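A.B. asks: Following this message is one structure expressed as structure tokens.
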Amino acid sequence: MNFRIITYIDTLGMMAGLWRRRADMPGTPGVLPLREWRDGAGHDLPVLAAGKDAWHGARNVINRVQRALAADIVAAARIEALQPATVQPWGKDVEAAEFDTFLLPLATNPGCFNYCGSATMHLPVGHLVWLNAAMPHSASNFGLHPRYHLVIEVKKPEVA
């Protein structure tokens with residue numbers, strides 16, 4: 001299995017902030033880091049940090065994902081933008097043995113697809129989906145509007 005729908009997460013509170021910050025994601029695919037893994041812990045980047053410019057909607061969605069997964073540590077989080085008429089190159093995550101990868105579509109269109117191994121899936125907005133990042137995976141946007149996904153990496157539990 002290369003995709004697994006986990007649950008639905010309401011992302012509406014995050015969307016207003018996304019539209020204000022989409023210019024911060026240049027390139028294709030554009031990436032806006034929110035939390036990074038360093039020194040054995042997940043650290044919020046300035047966009048999520050406390051203060052008047054903090055993106056509270058994004059922090060709330062990340063917290064809801066963490067609760068839905070019953071995860072100890074959300075190691076990293078980023079928003080990836082895929083512009084119309086583009087394809088993300090195939091890749092494999094070298095960290096897949098240490099982290100599970102989850103996708104949460106924020107804005108999409110019927111022409112957007114994710115590929116993993118031989119599986120193809122259109123991810124509906126708000127559906128938290130596990131991705132087998134150890135397999136080759138890619139994404140495409142054949143639609144007319146950009147696609148935005150929240151990508152979350154969760155530290156796998158230690159196995160004794």
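Naming works like this for the structure tokens: A, B, ... for the chains as they're shown, residue 1 at the start of each chain, ligands 1 onward in shown order.
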Would you mind listing what lies within 9 Å of Ile73 of chain A as a list in words, with only C-alpha atoms counted and same-chain residues fewer than 2 positions away left out?
C.D. replies: Ala41, Gly42, Gln66, Ala71, Ala75, Ala76, Glu153, Val154, Lys155 and Lys156 of chain A
A.B. asks: DSSP on the backbone, then: every residue of segment 62-129 of chain A marked strand (DSSP E or B), written as a ChimeraX atom specification.
C.D. replies: /A:74-82,86-91,99-107,112-116,119-121,127-129
A.B. asks: Write the residues you've just listed into a file as a compact mmCIF listing (two decimals), in the first residue's frame, and include N, CA, C and O atoms for each of them.
C.D. replies:
# COMPACT_ATOMS: atom_id res chain seq x y z
N VAL A 74 6.01 15.85 15.81
CA VAL A 74 5.93 16.28 14.42
C VAL A 74 7.29 16.90 14.13
O VAL A 74 7.63 17.97 14.63
N ALA A 75 8.08 16.18 13.36
CA ALA A 75 9.47 16.56 13.15
C ALA A 75 9.61 17.73 12.19
O ALA A 75 10.41 18.63 12.42
N ALA A 76 8.84 17.71 11.12
CA ALA A 76 8.98 18.75 10.10
C ALA A 76 7.63 18.99 9.45
O ALA A 76 6.79 18.09 9.38
N ALA A 77 7.43 20.21 8.97
CA ALA A 77 6.21 20.56 8.24
C ALA A 77 6.56 21.63 7.22
O ALA A 77 7.37 22.51 7.50
N ARG A 78 5.95 21.51 6.06
CA ARG A 78 6.18 22.50 5.01
C ARG A 78 4.96 22.52 4.10
O ARG A 78 4.20 21.55 4.04
N ILE A 79 4.79 23.63 3.41
CA ILE A 79 3.75 23.72 2.39
C ILE A 79 4.45 23.64 1.05
O ILE A 79 5.45 24.33 0.82
N GLU A 80 3.93 22.78 0.18
CA GLU A 80 4.45 22.66 -1.17
C GLU A 80 3.39 23.14 -2.14
O GLU A 80 2.23 22.76 -2.04
N ALA A 81 3.82 24.01 -3.06
CA ALA A 81 2.94 24.52 -4.10
C ALA A 81 3.35 23.90 -5.43
O ALA A 81 4.54 23.82 -5.73
N LEU A 82 2.38 23.46 -6.19
CA LEU A 82 2.65 22.94 -7.52
C LEU A 82 1.81 23.75 -8.50
O LEU A 82 0.58 23.74 -8.45
N THR A 86 2.54 21.58 -14.45
CA THR A 86 3.85 21.15 -13.99
C THR A 86 3.79 19.77 -13.38
O THR A 86 2.73 19.31 -12.93
N VAL A 87 4.95 19.12 -13.36
CA VAL A 87 5.10 17.80 -12.77
C VAL A 87 6.28 17.85 -11.82
O VAL A 87 7.34 18.36 -12.17
N GLN A 88 6.09 17.34 -10.61
CA GLN A 88 7.18 17.25 -9.64
C GLN A 88 8.02 16.03 -10.02
O GLN A 88 7.48 14.95 -10.27
N PRO A 89 9.34 16.15 -10.05
CA PRO A 89 10.19 15.01 -10.41
C PRO A 89 10.02 13.84 -9.43
O PRO A 89 9.72 14.03 -8.26
N TRP A 90 10.24 12.64 -9.94
CA TRP A 90 10.17 11.44 -9.11
C TRP A 90 11.30 11.48 -8.09
O TRP A 90 12.40 11.95 -8.39
N GLY A 91 11.02 10.99 -6.91
CA GLY A 91 12.04 10.94 -5.87
C GLY A 91 11.68 9.93 -4.81
O GLY A 91 10.56 9.43 -4.75
N PHE A 99 11.21 8.51 9.49
CA PHE A 99 10.03 9.37 9.54
C PHE A 99 8.91 8.83 8.65
O PHE A 99 9.17 8.28 7.59
N ASP A 100 7.65 9.01 9.09
CA ASP A 100 6.49 8.77 8.24
C ASP A 100 6.09 10.10 7.61
O ASP A 100 6.15 11.15 8.26
N THR A 101 5.65 10.06 6.36
CA THR A 101 5.27 11.27 5.63
C THR A 101 3.76 11.27 5.42
O THR A 101 3.18 10.27 4.99
N PHE A 102 3.14 12.42 5.73
CA PHE A 102 1.71 12.60 5.57
C PHE A 102 1.46 13.83 4.71
O PHE A 102 2.18 14.84 4.82
N LEU A 103 0.44 13.77 3.86
CA LEU A 103 0.05 14.87 2.99
C LEU A 103 -1.34 15.34 3.40
O LEU A 103 -2.23 14.52 3.66
N LEU A 104 -1.51 16.66 3.46
CA LEU A 104 -2.81 17.25 3.76
C LEU A 104 -3.10 18.31 2.70
O LEU A 104 -2.55 19.41 2.76
N PRO A 105 -3.92 17.98 1.70
CA PRO A 105 -4.24 18.96 0.66
C PRO A 105 -4.98 20.17 1.23
O PRO A 105 -5.93 20.03 1.99
N LEU A 106 -4.49 21.36 0.86
CA LEU A 106 -5.11 22.61 1.30
C LEU A 106 -5.93 23.24 0.19
O LEU A 106 -6.99 23.81 0.44
N ALA A 107 -5.43 23.18 -1.03
CA ALA A 107 -6.14 23.68 -2.22
C ALA A 107 -5.71 22.79 -3.38
O ALA A 107 -4.53 22.53 -3.56
N CYS A 112 -5.10 17.45 -10.47
CA CYS A 112 -3.92 17.18 -9.63
C CYS A 112 -3.90 15.72 -9.20
O CYS A 112 -4.91 15.19 -8.75
N PHE A 113 -2.72 15.11 -9.32
CA PHE A 113 -2.57 13.70 -8.95
C PHE A 113 -1.25 13.49 -8.24
O PHE A 113 -0.26 14.16 -8.52
N ASN A 114 -1.26 12.53 -7.32
CA ASN A 114 -0.03 12.06 -6.67
C ASN A 114 0.20 10.64 -7.14
O ASN A 114 -0.74 9.88 -7.32
N TYR A 115 1.47 10.31 -7.29
CA TYR A 115 1.87 8.98 -7.74
C TYR A 115 2.84 8.41 -6.73
O TYR A 115 3.71 9.11 -6.23
N CYS A 116 2.70 7.13 -6.44
CA CYS A 116 3.63 6.45 -5.54
C CYS A 116 3.71 5.00 -6.00
O CYS A 116 2.69 4.29 -5.97
N ALA A 119 0.77 3.25 -7.88
CA ALA A 119 -0.53 3.81 -7.47
C ALA A 119 -0.65 5.28 -7.87
O ALA A 119 0.32 6.04 -7.84
N THR A 120 -1.86 5.67 -8.25
CA THR A 120 -2.19 7.06 -8.58
C THR A 120 -3.39 7.46 -7.74
O THR A 120 -4.34 6.68 -7.60
N MET A 121 -3.35 8.68 -7.19
CA MET A 121 -4.46 9.12 -6.35
C MET A 121 -4.64 10.63 -6.46
O MET A 121 -3.67 11.38 -6.45
N HIS A 127 -8.19 15.85 3.53
CA HIS A 127 -7.99 14.44 3.84
C HIS A 127 -6.51 14.18 4.12
O HIS A 127 -5.67 14.34 3.24
N LEU A 128 -6.21 13.79 5.35
CA LEU A 128 -4.84 13.49 5.76
C LEU A 128 -4.49 12.11 5.21
O LEU A 128 -5.18 11.12 5.49
N VAL A 129 -3.42 12.04 4.42
CA VAL A 129 -3.06 10.82 3.72
C VAL A 129 -1.62 10.45 4.04
O VAL A 129 -0.72 11.29 3.94
A.B. asks: Tell me, as a PyMOL selection string, which residues lie within 10 Å of Ser118 of chain A, counting only C-alpha atoms; anything in the same chain fewer than 3 positions away does not count.
C.D. replies: chain A and resi 1-2+115+135-137
A.B. asks: Nearest to Gly30 of chain A: which of A:Gln83, A:Asn132, A:Asn63, A:Thr108 is it, counting only C-alpha atoms?
C.D. replies: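 Among the listed residues, the smallest separation from Gly30 of chain A belongs to A:Gln83.
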A.B. asks: Residues near Ala134 of chain A, anyone? I mean within 6 Å using only C-alpha atoms, not counting same-chain ones fewer than 2 positions away, as a count of residues only.
C.D. replies: 4
A.B. asks: Quick one: pull the distance between atom CA of Gly57 of chain A and atom CA of Ala70 of chain A, Å, one decimal.
C.D. replies: 19.8 Å
A.B. asks: Closest to Pro84 of chain A among A:Ala139, A:Leu69, A:Leu48, A:Asp24, using only C-alpha atoms?
C.D. replies: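 Once distances to Pro84 of chain A are computed over only C-alpha atoms, the minimum belongs to A:Ala139.
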A.B. asks: When DSSP is applied to the backbone of this structure, which of chain A are assigned helix (DSSP H, G or I)? Write them out as a PyMOL selection string.
C.D. replies: chain A and resi 12-24+56-69+94-97
A.B. asks: Considering only C-alpha atoms, state which residue in the set A:Val47, A:Ile9, A:Ile152, A:Val94 is at the smallest distance from Arg21 of chain A.
C.D. replies: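 Distance minimum relative to Arg21 of chain A lands on A:Val47.
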A.B. asks: Which residue gives the smallest distance to Leu144 of chain A among A:Pro33, A:Trp19, A:Gly111, A:Gly117, with only C-alpha atoms counted?
C.D. replies: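 Going through A:Pro33, A:Trp19, A:Gly111, A:Gly117 one by one, the smallest distance to Leu144 of chain A is for A:Gly111.
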A.B. asks: Pick the closest to Trp37 of chain A from A:Ala85, A:Gly17, A:Glu95, A:Thr7: which is it, counting only C-alpha atoms?
C.D. replies: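 Closest to Trp37 of chain A of all the choices is A:Glu95.
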A.B. asks: So, counting only C-alpha atoms, which residue among A:Leu131, A:Ala97, A:Val61, A:Val151 is closest to Glu36 of chain A?
C.D. replies: A:Val151
A.B. asks: Excluding Met14 of chain A and any residue of its chain fewer than 4 positions from it, enumerate the residues within 9 Å of it, using only C-alpha atoms, and give them as a list in words.
C.D. replies: Asp10, Leu18, Trp55, His56, Gly57, Ala58, Arg59, Asn60, Val61 and Leu106 of chain A
A.B. asks: Could you write out the selected residues, including all heavy atoms, as a tab-separated table (two decimals), in the first residue's frame?
C.D. replies:
chain	number	residue	atom	x	y	z
A	10	ASP	N	-10.06	19.77	9.26
A	10	ASP	CA	-10.57	21.06	8.76
A	10	ASP	C	-9.41	22.02	8.58
A	10	ASP	O	-8.69	22.32	9.53
A	10	ASP	CB	-11.59	21.63	9.74
A	10	ASP	CG	-12.21	22.93	9.27
A	10	ASP	OD1	-11.96	23.33	8.11
A	10	ASP	OD2	-12.93	23.54	10.06
A	18	LEU	N	-2.63	31.23	4.15
A	18	LEU	CA	-1.93	30.71	2.97
A	18	LEU	C	-1.97	31.71	1.83
A	18	LEU	O	-0.97	31.97	1.19
A	18	LEU	CB	-2.55	29.38	2.53
A	18	LEU	CG	-2.01	28.79	1.23
A	18	LEU	CD1	-0.52	28.48	1.35
A	18	LEU	CD2	-2.79	27.56	0.84
A	55	TRP	N	1.54	32.62	12.30
A	55	TRP	CA	0.47	32.02	11.52
A	55	TRP	C	-0.23	30.99	12.40
A	55	TRP	O	0.06	29.80	12.38
A	55	TRP	CB	1.05	31.38	10.29
A	55	TRP	CG	0.06	30.95	9.27
A	55	TRP	CD1	-1.30	31.07	9.31
A	55	TRP	CD2	0.36	30.30	8.04
A	55	TRP	NE1	-1.86	30.54	8.18
A	55	TRP	CE2	-0.87	30.06	7.38
A	55	TRP	CE3	1.54	29.89	7.43
A	55	TRP	CZ2	-0.93	29.44	6.15
A	55	TRP	CZ3	1.47	29.28	6.21
A	55	TRP	CH2	0.26	29.06	5.57
A	56	HIS	N	-1.18	31.48	13.22
A	56	HIS	CA	-1.86	30.64	14.20
A	56	HIS	C	-2.68	29.53	13.54
A	56	HIS	O	-2.76	28.43	14.07
A	56	HIS	CB	-2.74	31.49	15.11
A	56	HIS	CG	-1.96	32.51	15.87
A	56	HIS	ND1	-1.07	32.18	16.87
A	56	HIS	CD2	-1.92	33.86	15.76
A	56	HIS	CE1	-0.52	33.28	17.35
A	56	HIS	NE2	-1.02	34.31	16.69
A	57	GLY	N	-3.28	29.82	12.39
A	57	GLY	CA	-4.07	28.81	11.70
A	57	GLY	C	-3.22	27.61	11.30
A	57	GLY	O	-3.66	26.46	11.43
A	58	ALA	N	-2.01	27.85	10.84
A	58	ALA	CA	-1.11	26.75	10.45
A	58	ALA	C	-0.70	25.95	11.68
A	58	ALA	O	-0.68	24.72	11.66
A	58	ALA	CB	0.11	27.29	9.72
A	59	ARG	N	-0.36	26.65	12.75
A	59	ARG	CA	0.04	25.95	13.98
A	59	ARG	C	-1.11	25.09	14.50
A	59	ARG	O	-0.91	23.95	14.93
A	59	ARG	CB	0.48	26.95	15.04
A	59	ARG	CG	1.08	26.22	16.25
A	59	ARG	CD	1.71	27.09	17.29
A	59	ARG	NE	2.08	28.39	16.83
A	59	ARG	CZ	1.85	29.52	17.50
A	59	ARG	NH1	1.25	29.48	18.66
A	59	ARG	NH2	2.23	30.68	17.02
A	60	ASN	N	-2.35	25.60	14.44
A	60	ASN	CA	-3.50	24.83	14.90
A	60	ASN	C	-3.72	23.57	14.06
A	60	ASN	O	-4.03	22.51	14.60
A	60	ASN	CB	-4.77	25.69	14.89
A	60	ASN	CG	-4.74	26.77	15.94
A	60	ASN	OD1	-3.99	26.68	16.91
A	60	ASN	ND2	-5.54	27.80	15.76
A	61	VAL	N	-3.56	23.68	12.75
A	61	VAL	CA	-3.73	22.51	11.88
A	61	VAL	C	-2.64	21.48	12.17
A	61	VAL	O	-2.92	20.28	12.27
A	61	VAL	CB	-3.74	22.91	10.39
A	61	VAL	CG1	-3.59	21.70	9.49
A	61	VAL	CG2	-5.02	23.66	10.06
A	106	LEU	N	-4.49	21.36	0.86
A	106	LEU	CA	-5.11	22.61	1.30
A	106	LEU	C	-5.93	23.24	0.19
A	106	LEU	O	-6.99	23.81	0.44
A	106	LEU	CB	-4.03	23.58	1.76
A	106	LEU	CG	-3.12	23.09	2.88
A	106	LEU	CD1	-1.96	24.05	3.10
A	106	LEU	CD2	-3.90	22.87	4.15
